[in-house]
Amino acid sequence: MNDIKVKVKELSLRYGTNLALKKISMEIPEKMVTAFIGPSGCGKSTFLRTLNRMNDLIDNVSIEGEVLIDNINIYDKNIDVVNLRKKVGMIFQKSNPFAKSVYDNIAFGPRINGISNKKILDEIVERSLEQAAIWDEVKDRLFNSALSLSGGQQQRICIARSLAVNPEILLMDEPASALDPISTAKIEELIHELKKEYTIIIVTHNMQQAARTSDLTALFYLGDLIEMNKTEIIFSNPAKKQTEDYISGRFG
Amino acid sequence: MNRNIKDKIVEGITGISVLVIIFIIVSILAITIIGGWPNLNWAFLSEFPKDGMTKGGIFPAIVGTAVMTIIMAVAAVPFGVITAIYLAEYANEKSVVAKTIRFAVKTLAVVPSIIFGLFGLGFFIGFVGKNLDSLFNGSELRWAQPNILWASLTMALLTLPVVIVSVEEAIRTIPRDMREASLALGATKWQTIRKVVLPGSISGILTGTILAVSRGAGEVAPILFTGAVYFSSHLPHSLSDQFMSLGYHIYIMSTQSSNVDATQPIQFATTLILLLLTFSLNAVAVVLRYRIRKRVK
């Protein structure tokens with residue numbers, strides 16, 4: 001097992017008075033793929049969004065507990081959320097490229113960080129698109145609108161856009177749920193490549209996807225972390241009856 | 001009753017309503033054009049009124065309206081856009097501040113325009129102008145009287161709520177996931193607003209503000225007490241000058257003239273010019289929106 005990248009200690013989250021996450025503790029290793037599974041509304045996406053403080057944007061969310069990334073509590077008062085989000089990138093369920101060209105989408109992150117040198121930007125754009133395995137498909141239309149691409153291509157553009165700011169962790173919130181099987185396969189292949197360099201945390205509804213892509217799997221249910229272990233153990237020999245019921249399709 | 005017959009009746013009623021509205025619009029246009037077009041010529045556009053305002057052109061009224069519209073836009077648009085950004089992006093929906101601003105904006109939007117005129121008289125002329133004069137001019141009368149600045153600012157107050165509401169609506173059309181995408185890349189809130197939200201909503205912002213401004217360009221009541229004059233022999237050459245305006249000129253020509261019959265051609269032609277001015281502002285809004293949409297695609 002690799003070194004621990006993210007360590008969560010007794011994290012609880014409330015929407016108003018509604019307790020959505022109940023004292024979650026877990027450790028996520030570096031440069032591996034960790035999958036969160038569970039039925040709708042179990043808290044897996046909410047939990048994912050606590051890891052880059054995306055929930056800060058929602059009114060009346062309150063959080064207790066700690067999330068340590070490289071041993072630093074990201075909920076500490078001195079933490080710069082902007083820097084945190086550069087380090088912890090996010091891919092959303094619905095691909096959301098900006099209504100700009102492919103190039104401007106990828107260059108968005110570097111530009112807001114003050115890079116304006118054309119040559120450096122060109123390099124970052126090419127490298128990011130290559131890493132996201134979409135360079136060959138878009139290299140001749142870098143200045144076309146990203147919205148003119150197919151759904152699967154758009155999602156890989158979004159991945160490339162995240163990679164352009166050199167994150168260490170990638171959070172993926174059901175990144176393939178809106179895609180056809182071929183596009184999904186490409187994303188999964190990509191995840192496999194990316195884990196060599198990045199720590200990847202993926203939320204998925206699709207249990208086969210979790211089984212195919214991840215090294216570790218965590219099952220959530222009603223705001224509780226039911227069980228977390230190596231993926232092959234979760235899918236072959238889970239410790240909890242609830243896990244077995246869920247992965248065999250008896251609930252959820 | 002048979003459901004199909006009901007359906008036909010509803011279709012008929014809605015269709016008739018549309019026809020009535022089209023009839024009204026076409027009538028207004030037809031009457032104005034038929035009455036005004038023959039009297040339009042270069043002299044009418046470029047000359048001052050002559051012979052006790054029964055002859056001559058409307059040049060000073062065109063310039064006055066244009067200058068007032070520009071000053072009004074310069075005052076109302078930035079202020080309105082900034083307020084709209086605050087309401088849409090920063091204000092907590094449930095906070096007292098946001099609720100108060102919203103209530104104020106809604107209230108301002110329904111205040112009759114003549115009240116704005118009275119407010120302008122009391123506030124800009126009676127208070128701001130008077131104090132400026134006593135501070136800087138040794139109580140010599142300069143700012144404490146109607147002028148084009150006070151009239152434009154009064155008009156800006158009138159258009160402000162419309163600008164705020166339409167810009168806020170335009171900003172809110174940007175989906176939440178666009179904002180999240182930007183923030184997740186490490187953009188600050190202001191970077192997100194500047195690089196994602198405003199560029200995405202710029203066509204709506206421009207359309208909304210131009211429509212608000214063109215609405216103001218034709219208004220008369222707010223400038224009655226605050227700067228418009230019956231006749232001026234020269235163009236305004238400072239902010240403390242009074243000015244002639246198209247809307248006010250139409251009112252003067254049709255009610256206050258010593259010879260209303262003689263001025264009728266002027267009334268029609270002036271009305272046509274005012275309509276053309278507001279229509280062309282609207283046309284600019286439409287073209288801008290179209291162009292920007294095309295560019296984004």
# chains A, B, ... in the order shown; residues from 1 in each chain; ligands from 1
call {"tool": "residues_around", "arguments": {"residues": "range 104-119 of chain A", "least_positions_apart": "3", "cutoff": "10 Å", "atoms": "only C-alpha atoms", "output": "mmCIF file with all heavy atoms, in the first residue's frame"}}
result
data_model
loop_
_atom_site.group_PDB
_atom_site.id
_atom_site.type_symbol
_atom_site.label_atom_id
_atom_site.label_comp_id
_atom_site.auth_asym_id
_atom_site.auth_seq_id
_atom_site.Cartn_x
_atom_site.Cartn_y
_atom_site.Cartn_z
ATOM 1 N N LYS A 86 -6.482 24.193 -6.167
ATOM 2 C CA LYS A 86 -5.495 23.952 -7.218
ATOM 3 C C LYS A 86 -4.861 22.576 -7.027
ATOM 4 O O LYS A 86 -4.573 21.869 -7.984
ATOM 5 C CB LYS A 86 -4.388 25.020 -7.134
ATOM 6 C CG LYS A 86 -4.557 26.135 -8.148
ATOM 7 C CD LYS A 86 -3.414 27.111 -8.046
ATOM 8 C CE LYS A 86 -3.880 28.387 -7.397
ATOM 9 N NZ LYS A 86 -2.783 29.297 -7.053
ATOM 10 N N PRO A 97 -17.482 22.110 -19.748
ATOM 11 C CA PRO A 97 -16.498 23.029 -20.339
ATOM 12 C C PRO A 97 -17.091 24.432 -20.437
ATOM 13 O O PRO A 97 -18.309 24.584 -20.537
ATOM 14 C CB PRO A 97 -16.251 22.448 -21.735
ATOM 15 C CG PRO A 97 -17.443 21.623 -22.034
ATOM 16 C CD PRO A 97 -17.968 21.131 -20.728
ATOM 17 N N PHE A 98 -16.214 25.439 -20.384
ATOM 18 C CA PHE A 98 -16.679 26.814 -20.556
ATOM 19 C C PHE A 98 -17.044 27.031 -22.017
ATOM 20 O O PHE A 98 -16.520 26.347 -22.907
ATOM 21 C CB PHE A 98 -15.586 27.808 -20.169
ATOM 22 C CG PHE A 98 -15.109 27.646 -18.756
ATOM 23 C CD1 PHE A 98 -13.766 27.458 -18.477
ATOM 24 C CD2 PHE A 98 -16.007 27.682 -17.702
ATOM 25 C CE1 PHE A 98 -13.315 27.303 -17.173
ATOM 26 C CE2 PHE A 98 -15.569 27.532 -16.398
ATOM 27 C CZ PHE A 98 -14.224 27.347 -16.131
ATOM 28 N N ALA A 99 -17.893 28.022 -22.264
ATOM 29 C CA ALA A 99 -18.270 28.356 -23.648
ATOM 30 C C ALA A 99 -17.126 29.132 -24.293
ATOM 31 O O ALA A 99 -17.260 30.288 -24.680
ATOM 32 C CB ALA A 99 -19.558 29.165 -23.659
ATOM 33 N N LYS A 100 -15.972 28.483 -24.359
ATOM 34 C CA LYS A 100 -14.771 29.076 -24.937
ATOM 35 C C LYS A 100 -14.138 28.014 -25.820
ATOM 36 O O LYS A 100 -14.593 26.881 -25.849
ATOM 37 C CB LYS A 100 -13.776 29.462 -23.837
ATOM 38 C CG LYS A 100 -14.270 30.441 -22.791
ATOM 39 C CD LYS A 100 -13.215 30.572 -21.692
ATOM 40 C CE LYS A 100 -13.732 31.322 -20.476
ATOM 41 N NZ LYS A 100 -13.788 32.757 -20.631
ATOM 42 N N SER A 101 -13.056 28.382 -26.480
ATOM 43 C CA SER A 101 -12.376 27.401 -27.320
ATOM 44 C C SER A 101 -11.728 26.323 -26.451
ATOM 45 O O SER A 101 -11.556 26.496 -25.248
ATOM 46 C CB SER A 101 -11.305 28.093 -28.157
ATOM 47 O OG SER A 101 -10.254 28.522 -27.324
ATOM 48 N N ASP A 122 1.077 27.244 -24.532
ATOM 49 C CA ASP A 122 0.983 26.231 -25.595
ATOM 50 C C ASP A 122 1.443 24.870 -25.086
ATOM 51 O O ASP A 122 0.808 23.844 -25.331
ATOM 52 C CB ASP A 122 1.851 26.636 -26.800
ATOM 53 C CG ASP A 122 1.227 27.770 -27.596
ATOM 54 O OD1 ASP A 122 0.056 28.104 -27.320
ATOM 55 O OD2 ASP A 122 1.908 28.312 -28.481
ATOM 56 N N GLU A 123 2.564 24.895 -24.362
ATOM 57 C CA GLU A 123 3.114 23.641 -23.848
ATOM 58 C C GLU A 123 2.163 22.987 -22.856
ATOM 59 O O GLU A 123 1.924 21.780 -22.908
ATOM 60 C CB GLU A 123 4.452 23.903 -23.141
ATOM 61 C CG GLU A 123 5.635 23.958 -24.094
ATOM 62 C CD GLU A 123 6.873 24.511 -23.384
ATOM 63 O OE1 GLU A 123 6.962 24.354 -22.138
ATOM 64 O OE2 GLU A 123 7.715 25.102 -24.066
ATOM 65 N N ILE A 124 1.620 23.819 -21.946
ATOM 66 C CA ILE A 124 0.706 23.261 -20.937
ATOM 67 C C ILE A 124 -0.530 22.671 -21.617
ATOM 68 O O ILE A 124 -0.975 21.573 -21.274
ATOM 69 C CB ILE A 124 0.283 24.352 -19.926
ATOM 70 C CG1 ILE A 124 1.493 24.813 -19.114
ATOM 71 C CG2 ILE A 124 -0.800 23.827 -18.999
ATOM 72 C CD1 ILE A 124 1.204 25.972 -18.183
ATOM 73 N N VAL A 125 -1.052 23.390 -22.608
ATOM 74 C CA VAL A 125 -2.255 22.915 -23.290
ATOM 75 C C VAL A 125 -1.984 21.571 -23.960
ATOM 76 O O VAL A 125 -2.738 20.606 -23.795
ATOM 77 C CB VAL A 125 -2.753 23.959 -24.319
ATOM 78 C CG1 VAL A 125 -3.828 23.371 -25.214
ATOM 79 C CG2 VAL A 125 -3.285 25.201 -23.607
ATOM 80 N N GLU A 126 -0.874 21.501 -24.673
ATOM 81 C CA GLU A 126 -0.565 20.248 -25.375
ATOM 82 C C GLU A 126 -0.353 19.101 -24.386
ATOM 83 O O GLU A 126 -0.922 18.019 -24.531
ATOM 84 C CB GLU A 126 0.671 20.424 -26.273
ATOM 85 C CG GLU A 126 1.024 19.119 -26.988
ATOM 86 C CD GLU A 126 2.061 19.299 -28.094
ATOM 87 O OE1 GLU A 126 2.407 20.455 -28.410
ATOM 88 O OE2 GLU A 126 2.513 18.278 -28.637
ATOM 89 N N SER A 128 -1.400 18.790 -21.298
ATOM 90 C CA SER A 128 -2.618 18.407 -20.570
ATOM 91 C C SER A 128 -3.549 17.598 -21.455
ATOM 92 O O SER A 128 -4.136 16.601 -21.014
ATOM 93 C CB SER A 128 -3.349 19.656 -20.071
ATOM 94 O OG SER A 128 -2.473 20.470 -19.348
ATOM 95 N N LEU A 129 -3.681 18.033 -22.710
ATOM 96 C CA LEU A 129 -4.562 17.298 -23.623
ATOM 97 C C LEU A 129 -4.010 15.912 -23.905
ATOM 98 O O LEU A 129 -4.752 14.937 -24.022
ATOM 99 C CB LEU A 129 -4.750 18.087 -24.930
ATOM 100 C CG LEU A 129 -5.614 19.345 -24.821
ATOM 101 C CD1 LEU A 129 -5.485 20.202 -26.062
ATOM 102 C CD2 LEU A 129 -7.075 18.995 -24.566
ATOM 103 N N LEU A 142 -8.149 23.265 -31.961
ATOM 104 C CA LEU A 142 -7.930 23.844 -30.641
ATOM 105 C C LEU A 142 -8.708 25.135 -30.447
ATOM 106 O O LEU A 142 -9.039 25.507 -29.322
ATOM 107 C CB LEU A 142 -6.443 24.145 -30.446
ATOM 108 C CG LEU A 142 -5.529 22.938 -30.238
ATOM 109 C CD1 LEU A 142 -4.084 23.401 -30.122
ATOM 110 C CD2 LEU A 142 -5.939 22.164 -29.007
ATOM 111 N N PHE A 143 -8.991 25.839 -31.565
ATOM 112 C CA PHE A 143 -9.640 27.137 -31.415
ATOM 113 C C PHE A 143 -11.124 27.084 -31.766
ATOM 114 O O PHE A 143 -11.784 28.104 -31.895
ATOM 115 C CB PHE A 143 -8.870 28.198 -32.211
ATOM 116 C CG PHE A 143 -7.480 28.331 -31.655
ATOM 117 C CD1 PHE A 143 -6.408 27.675 -32.241
ATOM 118 C CD2 PHE A 143 -7.262 29.048 -30.486
ATOM 119 C CE1 PHE A 143 -5.134 27.752 -31.686
ATOM 120 C CE2 PHE A 143 -5.985 29.134 -29.928
ATOM 121 C CZ PHE A 143 -4.921 28.487 -30.528
ATOM 122 N N ASN A 144 -11.647 25.850 -31.898
ATOM 123 C CA ASN A 144 -13.098 25.693 -31.999
ATOM 124 C C ASN A 144 -13.684 25.669 -30.589
ATOM 125 O O ASN A 144 -12.993 25.336 -29.628
ATOM 126 C CB ASN A 144 -13.448 24.378 -32.693
ATOM 127 C CG ASN A 144 -13.101 24.398 -34.169
ATOM 128 O OD1 ASN A 144 -12.416 25.307 -34.622
ATOM 129 N ND2 ASN A 144 -13.537 23.397 -34.896
ATOM 130 N N SER A 145 -14.958 25.965 -30.509
ATOM 131 C CA SER A 145 -15.612 25.929 -29.203
ATOM 132 C C SER A 145 -15.584 24.518 -28.628
ATOM 133 O O SER A 145 -15.835 23.542 -29.335
ATOM 134 C CB SER A 145 -17.056 26.388 -29.331
ATOM 135 O OG SER A 145 -17.738 26.128 -28.120
ATOM 136 N N ALA A 146 -15.296 24.439 -27.333
ATOM 137 C CA ALA A 146 -15.294 23.132 -26.674
ATOM 138 C C ALA A 146 -16.693 22.525 -26.685
ATOM 139 O O ALA A 146 -16.852 21.307 -26.581
ATOM 140 C CB ALA A 146 -14.789 23.274 -25.247
ATOM 141 N N ILE A 157 -11.902 16.854 -22.028
ATOM 142 C CA ILE A 157 -11.434 18.247 -22.003
ATOM 143 C C ILE A 157 -11.446 18.762 -20.559
ATOM 144 O O ILE A 157 -10.510 19.419 -20.099
ATOM 145 C CB ILE A 157 -12.326 19.151 -22.897
ATOM 146 C CG1 ILE A 157 -12.162 18.787 -24.368
ATOM 147 C CG2 ILE A 157 -12.036 20.628 -22.656
ATOM 148 C CD1 ILE A 157 -10.826 19.139 -24.970
ATOM 149 N N CYS A 158 -12.508 18.423 -19.843
ATOM 150 C CA CYS A 158 -12.600 18.872 -18.444
ATOM 151 C C CYS A 158 -11.482 18.245 -17.601
ATOM 152 O O CYS A 158 -10.931 18.898 -16.713
ATOM 153 C CB CYS A 158 -13.962 18.514 -17.852
ATOM 154 S SG CYS A 158 -15.302 19.444 -18.594
ATOM 155 N N ILE A 159 -11.170 16.993 -17.895
ATOM 156 C CA ILE A 159 -10.065 16.350 -17.169
ATOM 157 C C ILE A 159 -8.750 17.062 -17.517
ATOM 158 O O ILE A 159 -7.963 17.407 -16.628
ATOM 159 C CB ILE A 159 -10.006 14.839 -17.503
ATOM 160 C CG1 ILE A 159 -11.252 14.136 -16.945
ATOM 161 C CG2 ILE A 159 -8.729 14.209 -16.932
ATOM 162 C CD1 ILE A 159 -11.381 12.671 -17.314
ATOM 163 N N ALA A 160 -8.540 17.322 -18.807
ATOM 164 C CA ALA A 160 -7.323 18.029 -19.218
ATOM 165 C C ALA A 160 -7.253 19.403 -18.561
ATOM 166 O O ALA A 160 -6.187 19.847 -18.124
ATOM 167 C CB ALA A 160 -7.296 18.179 -20.736
ATOM 168 N N ARG A 161 -8.399 20.064 -18.459
ATOM 169 C CA ARG A 161 -8.444 21.396 -17.844
ATOM 170 C C ARG A 161 -7.994 21.326 -16.385
ATOM 171 O O ARG A 161 -7.278 22.205 -15.901
ATOM 172 C CB ARG A 161 -9.879 21.930 -17.947
ATOM 173 C CG ARG A 161 -10.074 23.324 -17.455
ATOM 174 C CD ARG A 161 -11.493 23.780 -17.703
ATOM 175 N NE ARG A 161 -12.469 22.984 -16.955
ATOM 176 C CZ ARG A 161 -13.788 23.146 -17.061
ATOM 177 N NH1 ARG A 161 -14.288 24.033 -17.875
ATOM 178 N NH2 ARG A 161 -14.610 22.401 -16.344
ATOM 179 N N SER A 162 -8.422 20.262 -15.680
ATOM 180 C CA SER A 162 -7.984 20.095 -14.293
ATOM 181 C C SER A 162 -6.491 19.805 -14.215
ATOM 182 O O SER A 162 -5.796 20.319 -13.335
ATOM 183 C CB SER A 162 -8.723 18.935 -13.638
ATOM 184 O OG SER A 162 -10.064 19.243 -13.488
ATOM 185 N N LEU A 163 -6.003 18.982 -15.154
ATOM 186 C CA LEU A 163 -4.586 18.601 -15.107
ATOM 187 C C LEU A 163 -3.683 19.813 -15.357
ATOM 188 O O LEU A 163 -2.546 19.842 -14.888
ATOM 189 C CB LEU A 163 -4.296 17.517 -16.149
ATOM 190 C CG LEU A 163 -5.043 16.196 -15.951
ATOM 191 C CD1 LEU A 163 -4.727 15.240 -17.095
ATOM 192 C CD2 LEU A 163 -4.683 15.568 -14.616
ATOM 193 N N ALA A 164 -4.195 20.795 -16.077
ATOM 194 C CA ALA A 164 -3.370 21.944 -16.455
ATOM 195 C C ALA A 164 -2.902 22.768 -15.263
ATOM 196 O O ALA A 164 -1.969 23.552 -15.390
ATOM 197 C CB ALA A 164 -4.129 22.833 -17.440
ATOM 198 N N VAL A 165 -3.567 22.641 -14.105
ATOM 199 C CA VAL A 165 -3.093 23.389 -12.938
ATOM 200 C C VAL A 165 -2.243 22.525 -12.011
ATOM 201 O O VAL A 165 -2.009 22.891 -10.857
ATOM 202 C CB VAL A 165 -4.250 24.028 -12.128
ATOM 203 C CG1 VAL A 165 -4.874 25.162 -12.900
ATOM 204 C CG2 VAL A 165 -5.294 23.010 -11.745
ATOM 205 N N ASN A 166 -1.756 21.383 -12.525
ATOM 206 C CA ASN A 166 -0.885 20.498 -11.750
ATOM 207 C C ASN A 166 -1.448 20.085 -10.396
ATOM 208 O O ASN A 166 -0.833 20.320 -9.361
ATOM 209 C CB ASN A 166 0.475 21.167 -11.498
ATOM 210 C CG ASN A 166 1.292 21.205 -12.753
ATOM 211 O OD1 ASN A 166 1.306 20.249 -13.522
ATOM 212 N ND2 ASN A 166 1.962 22.326 -12.965
ATOM 213 N N SER B 182 -14.950 26.633 -12.469
ATOM 214 C CA SER B 182 -13.923 27.651 -12.322
ATOM 215 C C SER B 182 -13.305 27.623 -10.929
ATOM 216 O O SER B 182 -12.083 27.621 -10.774
ATOM 217 C CB SER B 182 -14.542 29.022 -12.606
ATOM 218 O OG SER B 182 -13.656 30.035 -12.256
ATOM 219 N N LEU B 183 -14.158 27.561 -9.908
ATOM 220 C CA LEU B 183 -13.650 27.553 -8.529
ATOM 221 C C LEU B 183 -12.797 26.315 -8.277
ATOM 222 O O LEU B 183 -11.782 26.382 -7.588
ATOM 223 C CB LEU B 183 -14.813 27.600 -7.543
ATOM 224 C CG LEU B 183 -15.606 28.906 -7.555
ATOM 225 C CD1 LEU B 183 -16.916 28.740 -6.797
ATOM 226 C CD2 LEU B 183 -14.788 30.041 -6.941
ATOM 227 N N ALA B 184 -13.203 25.179 -8.869
ATOM 228 C CA ALA B 184 -12.461 23.937 -8.654
ATOM 229 C C ALA B 184 -11.079 23.985 -9.300
ATOM 230 O O ALA B 184 -10.229 23.165 -9.009
ATOM 231 C CB ALA B 184 -13.251 22.746 -9.200
ATOM 232 N N LEU B 185 -10.864 24.951 -10.196
ATOM 233 C CA LEU B 185 -9.537 25.103 -10.801
ATOM 234 C C LEU B 185 -8.671 26.066 -9.990
ATOM 235 O O LEU B 185 -7.579 26.429 -10.409
ATOM 236 C CB LEU B 185 -9.665 25.613 -12.230
ATOM 237 C CG LEU B 185 -10.259 24.615 -13.221
ATOM 238 C CD1 LEU B 185 -10.669 25.315 -14.491
ATOM 239 C CD2 LEU B 185 -9.264 23.505 -13.515
ATOM 240 N N GLY B 186 -9.193 26.500 -8.858
ATOM 241 C CA GLY B 186 -8.418 27.412 -8.025
ATOM 242 C C GLY B 186 -8.647 28.876 -8.358
ATOM 243 O O GLY B 186 -7.848 29.724 -7.984
ATOM 244 N N ALA B 187 -9.725 29.171 -9.065
ATOM 245 C CA ALA B 187 -10.037 30.572 -9.324
ATOM 246 C C ALA B 187 -10.667 31.179 -8.079
ATOM 247 O O ALA B 187 -11.375 30.495 -7.342
ATOM 248 C CB ALA B 187 -11.000 30.696 -10.506
ATOM 249 N N THR B 188 -10.396 32.456 -7.856
ATOM 250 C CA THR B 188 -11.078 33.132 -6.759
ATOM 251 C C THR B 188 -12.484 33.471 -7.231
ATOM 252 O O THR B 188 -12.813 33.337 -8.408
ATOM 253 C CB THR B 188 -10.375 34.438 -6.376
ATOM 254 O OG1 THR B 188 -10.382 35.292 -7.525
ATOM 255 C CG2 THR B 188 -8.946 34.201 -5.952
ATOM 256 N N GLN B 191 -12.304 36.205 -9.826
ATOM 257 C CA GLN B 191 -11.842 35.674 -11.133
ATOM 258 C C GLN B 191 -12.970 34.913 -11.819
ATOM 259 O O GLN B 191 -13.147 35.012 -13.033
ATOM 260 C CB GLN B 191 -10.635 34.750 -10.929
ATOM 261 C CG GLN B 191 -9.348 35.509 -10.666
ATOM 262 C CD GLN B 191 -8.193 34.585 -10.312
ATOM 263 O OE1 GLN B 191 -8.364 33.574 -9.623
ATOM 264 N NE2 GLN B 191 -7.001 34.926 -10.760
ATOM 265 N N THR B 192 -13.713 34.156 -11.037
ATOM 266 C CA THR B 192 -14.831 33.408 -11.614
ATOM 267 C C THR B 192 -15.876 34.350 -12.203
ATOM 268 O O THR B 192 -16.373 34.136 -13.305
ATOM 269 C CB THR B 192 -15.467 32.518 -10.527
ATOM 270 O OG1 THR B 192 -14.465 31.645 -10.029
ATOM 271 C CG2 THR B 192 -16.618 31.712 -11.074
ATOM 272 N N LYS B 195 -14.148 36.118 -15.374
ATOM 273 C CA LYS B 195 -13.746 35.317 -16.533
ATOM 274 C C LYS B 195 -14.821 34.354 -17.007
ATOM 275 O O LYS B 195 -14.752 33.863 -18.123
ATOM 276 C CB LYS B 195 -12.494 34.490 -16.180
ATOM 277 C CG LYS B 195 -11.371 35.311 -15.619
ATOM 278 C CD LYS B 195 -10.235 35.354 -16.580
ATOM 279 C CE LYS B 195 -9.147 36.255 -16.068
ATOM 280 N NZ LYS B 195 -7.955 36.172 -16.845
ATOM 281 N N VAL B 196 -15.752 34.019 -16.137
ATOM 282 C CA VAL B 196 -16.769 33.040 -16.540
ATOM 283 C C VAL B 196 -18.168 33.659 -16.526
ATOM 284 O O VAL B 196 -18.884 33.607 -17.522
ATOM 285 C CB VAL B 196 -16.730 31.798 -15.612
ATOM 286 C CG1 VAL B 196 -17.837 30.826 -15.975
ATOM 287 C CG2 VAL B 196 -15.375 31.131 -15.707
#
call {"tool": "interface_residues", "arguments": {"of": "chain B", "to": "chain A", "cutoff": "12 Å", "atoms": "only C-alpha atoms", "output": "ChimeraX atom specification"}}
result
/B:89-95,174-192,194-201,292-297
call {"tool": "residues_around", "arguments": {"residues": "Pro29 in chain A", "least_positions_apart": "2", "cutoff": "7 Å", "atoms": "only C-alpha atoms", "output": "number ranges by chain"}}
result
A: 2-6, 27, 31-32
call {"tool": "write_last_selection", "arguments": {"atoms": "C-alpha atoms", "output": "mmCIF file, in the first residue's frame"}}
result
data_model
loop_
_atom_site.group_PDB
_atom_site.id
_atom_site.type_symbol
_atom_site.label_atom_id
_atom_site.label_comp_id
_atom_site.auth_asym_id
_atom_site.auth_seq_id
_atom_site.Cartn_x
_atom_site.Cartn_y
_atom_site.Cartn_z
ATOM 1 C CA ASN A 2 1.253 3.468 -0.878
ATOM 2 C CA ASP A 3 1.696 6.355 1.547
ATOM 3 C CA ILE A 4 -1.413 7.988 2.945
ATOM 4 C CA LYS A 5 -2.387 11.144 1.046
ATOM 5 C CA VAL A 6 -5.718 12.002 2.628
ATOM 6 C CA GLU A 27 -7.365 6.951 4.911
ATOM 7 C CA LYS A 31 -1.371 7.411 -6.454
ATOM 8 C CA MET A 32 -4.110 4.844 -6.260
#
call {"tool": "residues_around", "arguments": {"residues": "Leu48 in chain A", "least_positions_apart": "4", "cutoff": "12 Å", "atoms": "only C-alpha atoms", "output": "NGL selection string"}}
result
:A and (6 or 8 or 11 or 13 or 21 or 24 or 28 or 34-37 or 42-44 or 52-55 or 67 or 88-92 or 169-174 or 200-204 or 218 or 220)
call {"tool": "write_last_selection", "arguments": {"atoms": "C-alpha atoms", "output": "JSON list (two decimals), in the first residue's frame"}}
result
[["chain", "number", "residue", "atom", "x", "y", "z"],
["A", 6, "VAL", "CA", -5.72, 12.00, 2.63],
["A", 8, "VAL", "CA", -10.21, 11.99, 7.35],
["A", 11, "LEU", "CA", -15.97, 14.17, 9.71],
["A", 13, "LEU", "CA", -21.58, 17.41, 7.85],
["A", 21, "LEU", "CA", -22.36, 12.61, 7.00],
["A", 24, "ILE", "CA", -16.59, 9.50, 8.70],
["A", 28, "ILE", "CA", -6.78, 7.34, 1.18],
["A", 34, "THR", "CA", -10.26, 4.94, -4.41],
["A", 35, "ALA", "CA", -13.91, 4.43, -5.32],
["A", 36, "PHE", "CA", -16.93, 5.55, -3.28],
["A", 37, "ILE", "CA", -20.05, 3.54, -3.93],
["A", 42, "CYS", "CA", -25.94, 8.03, 0.79],
["A", 43, "GLY", "CA", -23.54, 10.95, 1.12],
["A", 44, "LYS", "CA", -20.75, 9.80, -1.19],
["A", 52, "ASN", "CA", -11.79, 20.29, -1.84],
["A", 53, "ARG", "CA", -14.22, 22.34, 0.27],
["A", 54, "MET", "CA", -16.73, 22.64, -2.54],
["A", 55, "ASN", "CA", -19.48, 22.48, 0.08],
["A", 67, "VAL", "CA", -9.56, 16.35, 6.68],
["A", 88, "VAL", "CA", -7.26, 19.00, -5.38],
["A", 89, "GLY", "CA", -8.90, 19.09, -8.82],
["A", 90, "MET", "CA", -12.47, 18.07, -9.52],
["A", 91, "ILE", "CA", -14.28, 16.46, -12.44],
["A", 92, "PHE", "CA", -18.04, 16.79, -12.35],
["A", 169, "ILE", "CA", -5.46, 14.74, -6.24],
["A", 170, "LEU", "CA", -8.33, 14.35, -8.71],
["A", 171, "LEU", "CA", -11.86, 14.07, -7.40],
["A", 172, "MET", "CA", -14.25, 12.56, -9.92],
["A", 173, "ASP", "CA", -17.96, 12.78, -9.26],
["A", 174, "GLU", "CA", -19.57, 10.08, -11.44],
["A", 200, "ILE", "CA", -7.73, 9.60, -7.74],
["A", 201, "ILE", "CA", -10.97, 9.46, -5.83],
["A", 202, "ILE", "CA", -14.01, 8.50, -7.84],
["A", 203, "VAL", "CA", -17.68, 8.42, -6.93],
["A", 204, "THR", "CA", -19.64, 5.97, -9.01],
["A", 218, "ALA", "CA", -15.66, 2.44, 0.25],
["A", 220, "PHE", "CA", -21.56, 4.59, 2.02]]
call {"tool": "atom_distance", "arguments": {"atom1": "CA of Pro236 in chain B", "atom2": "CA of Ile266 in chain B"}}
result
21.9 Å
call {"tool": "atom_distance", "arguments": {"atom1": "CA of Arg172 in chain B", "atom2": "CA of Ser152 in chain B"}}
result
29.0 Å
call {"tool": "residues_around", "arguments": {"residues": "Ala176 in chain A", "least_positions_apart": "6", "cutoff": "8 Å", "atoms": "only C-alpha atoms", "output": "list in words"}}
result
Gln93, Ser183, Thr184 and Ile187 of chain A
call {"tool": "write_last_selection", "arguments": {"atoms": "C-alpha atoms", "output": "PDB file, in the first residue's frame"}}
result
ATOM      1  CA  GLN A  93     -20.829  14.426 -13.257  1.00  0.00           C
ATOM      2  CA  SER A 183     -16.659   7.000 -24.012  1.00  0.00           C
ATOM      3  CA  THR A 184     -16.922   5.399 -20.581  1.00  0.00           C
ATOM      4  CA  ILE A 187     -12.444   7.524 -19.322  1.00  0.00           C
TER       5      ILE A 187
END
call {"tool": "residues_around", "arguments": {"residues": "Ile70 in chain B", "least_positions_apart": "5", "cutoff": "10 Å", "atoms": "only C-alpha atoms", "output": "NGL selection string"}}
result
:B and (64-65 or 75-76 or 152 or 213 or 217)
call {"tool": "atom_distance", "arguments": {"atom1": "CA of His234 in chain B", "atom2": "CA of Phe59 in chain B"}}
result
10.1 Å
call {"tool": "select_by_dssp", "arguments": {"residues": "range 63-137 of chain A", "states": "strand (DSSP E or B)", "output": "PyMOL selection string"}}
result
chain A and resi 63-69+72-73+88-91+101
call {"tool": "residues_around", "arguments": {"residues": "Met244 in chain B", "least_positions_apart": "2", "cutoff": "6 Å", "atoms": "only C-alpha atoms", "output": "VMD selection string"}}
result
chain B and resid 60 to 61 64 228 to 229
